[in-house]
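S.K.: Have a look at the structure that comes next, please.
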Amino acid sequence: MIYLDYQATTPLAPEAREAMLPWLGDKFGNPHSPHRMGREAAAAVEVARGQVMSALLPPLVSDQPHVEVMEELEASYPGHLDHLEDRETSPWITGRSPWDATVDSGRLFFTSGATEALNWAIKGTFERAEPHRRRIVTVATEHAAVLDTISSLARYGAEIVVLPVDKAGCIDPHHAQEAIDERTALVAMMYVNNEIGTLQHIGLLRISERARAVGAPVICDAVQAFGKMDVPVSFCDLIAISAHKMHGPKGVGALWVRYGHEPNAILHGGGQEGGLRSGTLSPALCAGFGAAAALARHHDSGQRIFELFQEVRDRFRDDGWRINGARGARWYGNLSFRKSGINAARLISDVRGVAFSAGSACASGSGRPSHVLKAIGLTDDEARSTIRLGFGRYTTGDELHRAVTMILDAAARQRMWAA
């Protein structure tokens, strides 16, 4: 089986597995117990916390020459930087700002995964907001863990503003600025989209700029970015990440919280995580997460992923498929394609030697077209003719070539039989 569903989950790194094994055997102590076994387990948790923090907080972009940063952003987002009054010293571009993130800027709390982290960030932040701040601003292409959580707050008086996106999956920064005002309790926006791979760098930058001006915290779903690229922590106040999306184990994630933006607790009990999150931590899961994060920090596969992306894109394009989402501003290990006359569900069933998907694993089986694909303007038929290919660290060029051949051949047969 050739695995091309990296956005749903990733293979467990051997290093992560090895880090977990001792804590699944004789080292089974509760990390919250005071005896020797407990203290050993607690130490393993803290080592893992440090490893995840180190991977999340890379060197500031201000280490790069300013002109290089500007050129890279303008190439991906033509015209979107024209608003900047002082393009020479803008802190939002260079990273020189009061919100720069270091290990002393905030705390990392382990959770059961990104879904819990996002629920906690959104509900806990809304609960602690001042009474006049009832507005929540988010984006139409967010993960269900964000959209459904925000929808649940309507019964508590939340005024929900969902920003639309263009056909590339990007927000209009000007619309975002208009939506965020002194009534805003929080803004929630992902960095890399899980279905179409679009990178919202300028969108997040502009949202952060406006939110900071009116005192609204920014919550970022960085699940698809963490471990693959630098996360712009300086733009954010709370960041949700997940281990199993970057070669760690399932069942563990984290919420990074900038000091002063701690959300109210939603899980009550022992307050094991900094007095704000209750529940016994698993040293094994934390150790696996930490090892995966440490590996990601020193594993640069960006150029190889880009080369694989180019081959896949070109072969599908030559066969008449169209790419969904942004062409350039994206994570290159995520490709969403559509072709008229293709039934994606049937294609997935026909190509049994390749594991790929039609979109988010969280929404599979619902029978409804993807809300992300609908948000970028696709019809129901176009959405149902869409497939998603996700690849990464352990994908070889030969595997990818064979998988694409199998998918394109099966698609050709499907169209021939339908004719």
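In the structure tokens, chains take the letters A, B, ... in the order shown, each chain's residues start at 1, and ligands count up from 1 in the order shown.
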Step one, run DSSP on the backbone; step two, keep only residues of stretch 220-416 of chain A assigned to helix (DSSP H, G or I); then write them as number ranges by chain.
M.R.: A: 233-235, 283-297, 302-318, 344-350, 361-363, 371-375, 380-384, 397-416
S.K.: With a distance cut-off of 6 Å and only C-alpha atoms, select the neighbouring residues of stretch 220-226 of chain A, excluding the residue or stretch itself and same-chain residues fewer than 4 positions from it, and output the selection as a PDB file with C-alpha atoms, in the first residue's frame.
M.R.:
```
ATOM      1  CA  ALA A 188      -9.697  32.114  14.982  1.00  0.00           C
ATOM      2  CA  MET A 189      -7.787  31.332  11.795  1.00  0.00           C
ATOM      3  CA  MET A 190      -5.726  28.407  10.547  1.00  0.00           C
ATOM      4  CA  TYR A 191      -2.313  28.807   8.969  1.00  0.00           C
ATOM      5  CA  VAL A 192      -2.302  25.948   6.416  1.00  0.00           C
ATOM      6  CA  ILE A 239      -1.717  28.051  18.897  1.00  0.00           C
ATOM      7  CA  ALA A 240      -3.071  24.503  18.597  1.00  0.00           C
ATOM      8  CA  ILE A 241      -0.820  21.704  17.323  1.00  0.00           C
ATOM      9  CA  SER A 242      -1.038  17.930  17.026  1.00  0.00           C
TER      10      SER A 242
END
```
S.K.: Which of these residues is nearest to A:Pro31, using only C-alpha atoms: A:Gly279, A:Gly248, A:Gly124, A:Pro369?
M.R.: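 Smallest separation from A:Pro31 among the options: A:Gly279.
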S.K.: Calculated over only C-alpha atoms, which of the candidates A:Gly288, A:Ala42, A:Ala176, A:His298 has the smallest distance to A:Leu24?
M.R.: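 Closest residue, counting only C-alpha atoms: A:Gly288.
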S.K.: Residues within 9 Å of A:Ser301, please, as a ChimeraX atom specification. Count only C-alpha atoms; anything in the same chain fewer than 4 positions from it doesn't count.
M.R.: /A:228,305-306,392-393
S.K.: To one decimal in Å, tell me the separation between atom CA of A:Pro263 and atom CA of A:Ala292.
M.R.: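 According to the coordinates, atom CA of A:Pro263 and atom CA of A:Ala292 are separated by 26.8 Å.
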S.K.: Would you kindly return, as a PyMOL selection string, each protein, DNA or RNA residue with an atom no farther than 9 Å from any atom of stretch 4-18 of chain A, considering only C-alpha atoms and excluding same-chain residues fewer than 3 positions away?
M.R.: chain A and resi 21-22+194-195+224+244-250+287-293+295+333-334+354-357+359-362+388-392+394-395+400+403
S.K.: Just C-alpha atoms for this one: save the residues we selected as a CSV table (one decimal), in the first residue's frame.
M.R.:
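Writing done, so here's selection.csv:
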```csv
chain,number,residue,atom,x,y,z
A,21,LEU,CA,8.7,2.3,24.5
A,22,PRO,CA,10.2,2.7,28.0
A,194,ASN,CA,-5.9,20.7,5.7
A,195,GLU,CA,-7.9,20.1,2.5
A,224,GLN,CA,-0.9,21.3,9.2
A,244,HIS,CA,0.1,12.6,14.8
A,245,LYS,CA,0.2,15.2,11.9
A,246,MET,CA,4.0,15.4,12.2
A,247,HIS,CA,5.1,11.8,12.8
A,248,GLY,CA,4.2,11.6,16.4
A,249,PRO,CA,1.6,9.4,18.2
A,250,LYS,CA,-2.1,9.9,18.1
A,287,ALA,CA,7.8,11.5,24.9
A,288,GLY,CA,6.8,10.4,21.4
A,289,PHE,CA,5.5,14.0,20.6
A,290,GLY,CA,8.8,15.4,21.9
A,291,ALA,CA,10.9,13.1,19.9
A,292,ALA,CA,8.9,13.8,16.7
A,293,ALA,CA,9.3,17.6,17.3
A,295,LEU,CA,13.4,15.3,14.7
A,333,GLY,CA,2.9,18.2,0.3
A,334,ASN,CA,-0.9,18.7,-0.1
A,354,VAL,CA,-3.0,3.6,-2.8
A,355,ALA,CA,-4.3,5.3,0.3
A,356,PHE,CA,-5.6,8.8,-0.6
A,357,SER,CA,-8.7,10.7,0.1
A,359,GLY,CA,-10.8,15.6,1.7
A,360,SER,CA,-10.8,15.9,5.4
A,361,ALA,CA,-10.9,12.6,7.3
A,362,CYS,CA,-13.0,14.2,9.9
A,388,ARG,CA,-6.5,14.9,-2.2
A,389,LEU,CA,-3.0,13.6,-2.3
A,390,GLY,CA,-0.8,14.1,0.8
A,391,PHE,CA,2.9,13.1,0.9
A,392,GLY,CA,5.9,13.9,3.1
A,394,TYR,CA,8.8,9.0,4.0
A,395,THR,CA,7.3,9.2,0.5
A,400,LEU,CA,4.6,8.6,-5.9
A,403,ALA,CA,0.6,5.9,-7.3
```
S.K.: Could you jot down the atom CA of A:Ala410 to atom CA of A:Gly328 separation for me, Å, one decimal place?
M.R.: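 Interatomic distance here is 28.2 Å.
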S.K.: Could you find all residues in stretch 116-327 of chain A that DSSP calls strand (DSSP E) from the backbone, and write them as an MDAnalysis selection string?
M.R.: chainID A and resid 135:139 159:163 184:190 218:221 238:242 253:258 322:324
S.K.: Which residue is closest to A:His201? Choose from A:Thr184, A:Gln303, A:Trp331, A:Gly275 and count only C-alpha atoms.
M.R.: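 Answer, going by the shortest atom-to-atom distance: A:Trp331.
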S.K.: Which residue out of A:Pro131, A:Asp166, A:Ile136, A:Leu238 has the minimum interatomic distance to A:Ala114 when only C-alpha atoms are used?
M.R.: A:Leu238
S.K.: If I take atom CA of A:Arg368 and atom CA of A:Ala144, how far is one from the other in Å, to one decimal?
M.R.: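 If I compute the distance from atom CA of A:Arg368 to atom CA of A:Ala144, I get 13.4 Å.
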S.K.: Identify, on the basis of only C-alpha atoms, every residue whose closest approach to A:Ser33 does not exceed 12 Å; exclude the query and any residue fewer than 2 positions from it along the same chain; express the result as a PDB file with C-alpha atoms, in the first residue's frame.
M.R.:
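Listing of part.pdb after writing:
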```pdb
ATOM      1  CA  PHE A  28       4.696   3.202  34.093  1.00  0.00           C
ATOM      2  CA  GLY A  29       4.630   5.753  36.918  1.00  0.00           C
ATOM      3  CA  ASN A  30       2.058   8.530  37.090  1.00  0.00           C
ATOM      4  CA  PRO A  31       3.889  11.783  36.251  1.00  0.00           C
ATOM      5  CA  HIS A  35       7.612   9.168  44.401  1.00  0.00           C
ATOM      6  CA  ARG A  36      10.651   8.265  42.335  1.00  0.00           C
ATOM      7  CA  MET A  37       8.770   6.599  39.477  1.00  0.00           C
ATOM      8  CA  GLY A  38       6.436   9.571  39.296  1.00  0.00           C
ATOM      9  CA  ARG A  39       9.293  12.055  39.273  1.00  0.00           C
ATOM     10  CA  GLU A  40      11.022  10.136  36.461  1.00  0.00           C
ATOM     11  CA  ALA A  41       7.836  10.228  34.416  1.00  0.00           C
ATOM     12  CA  ALA A  42       7.372  13.929  35.152  1.00  0.00           C
ATOM     13  CA  ALA A  43      10.925  14.613  33.993  1.00  0.00           C
ATOM     14  CA  GLY A 270      -6.723  17.974  39.347  1.00  0.00           C
ATOM     15  CA  GLN A 272      -2.361  18.792  36.361  1.00  0.00           C
ATOM     16  CA  THR A 280      -3.324  12.526  33.909  1.00  0.00           C
ATOM     17  CA  LEU A 281      -0.744  12.939  31.160  1.00  0.00           C
TER      18      LEU A 281
END
```
S.K.: Considering only C-alpha atoms, state which residue in the set A:Pro173, A:Gly50, A:Pro232, A:Gly227 is at the smallest distance from A:Gly203.
M.R.: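 Once distances to A:Gly203 are computed over only C-alpha atoms, the minimum belongs to A:Pro173.
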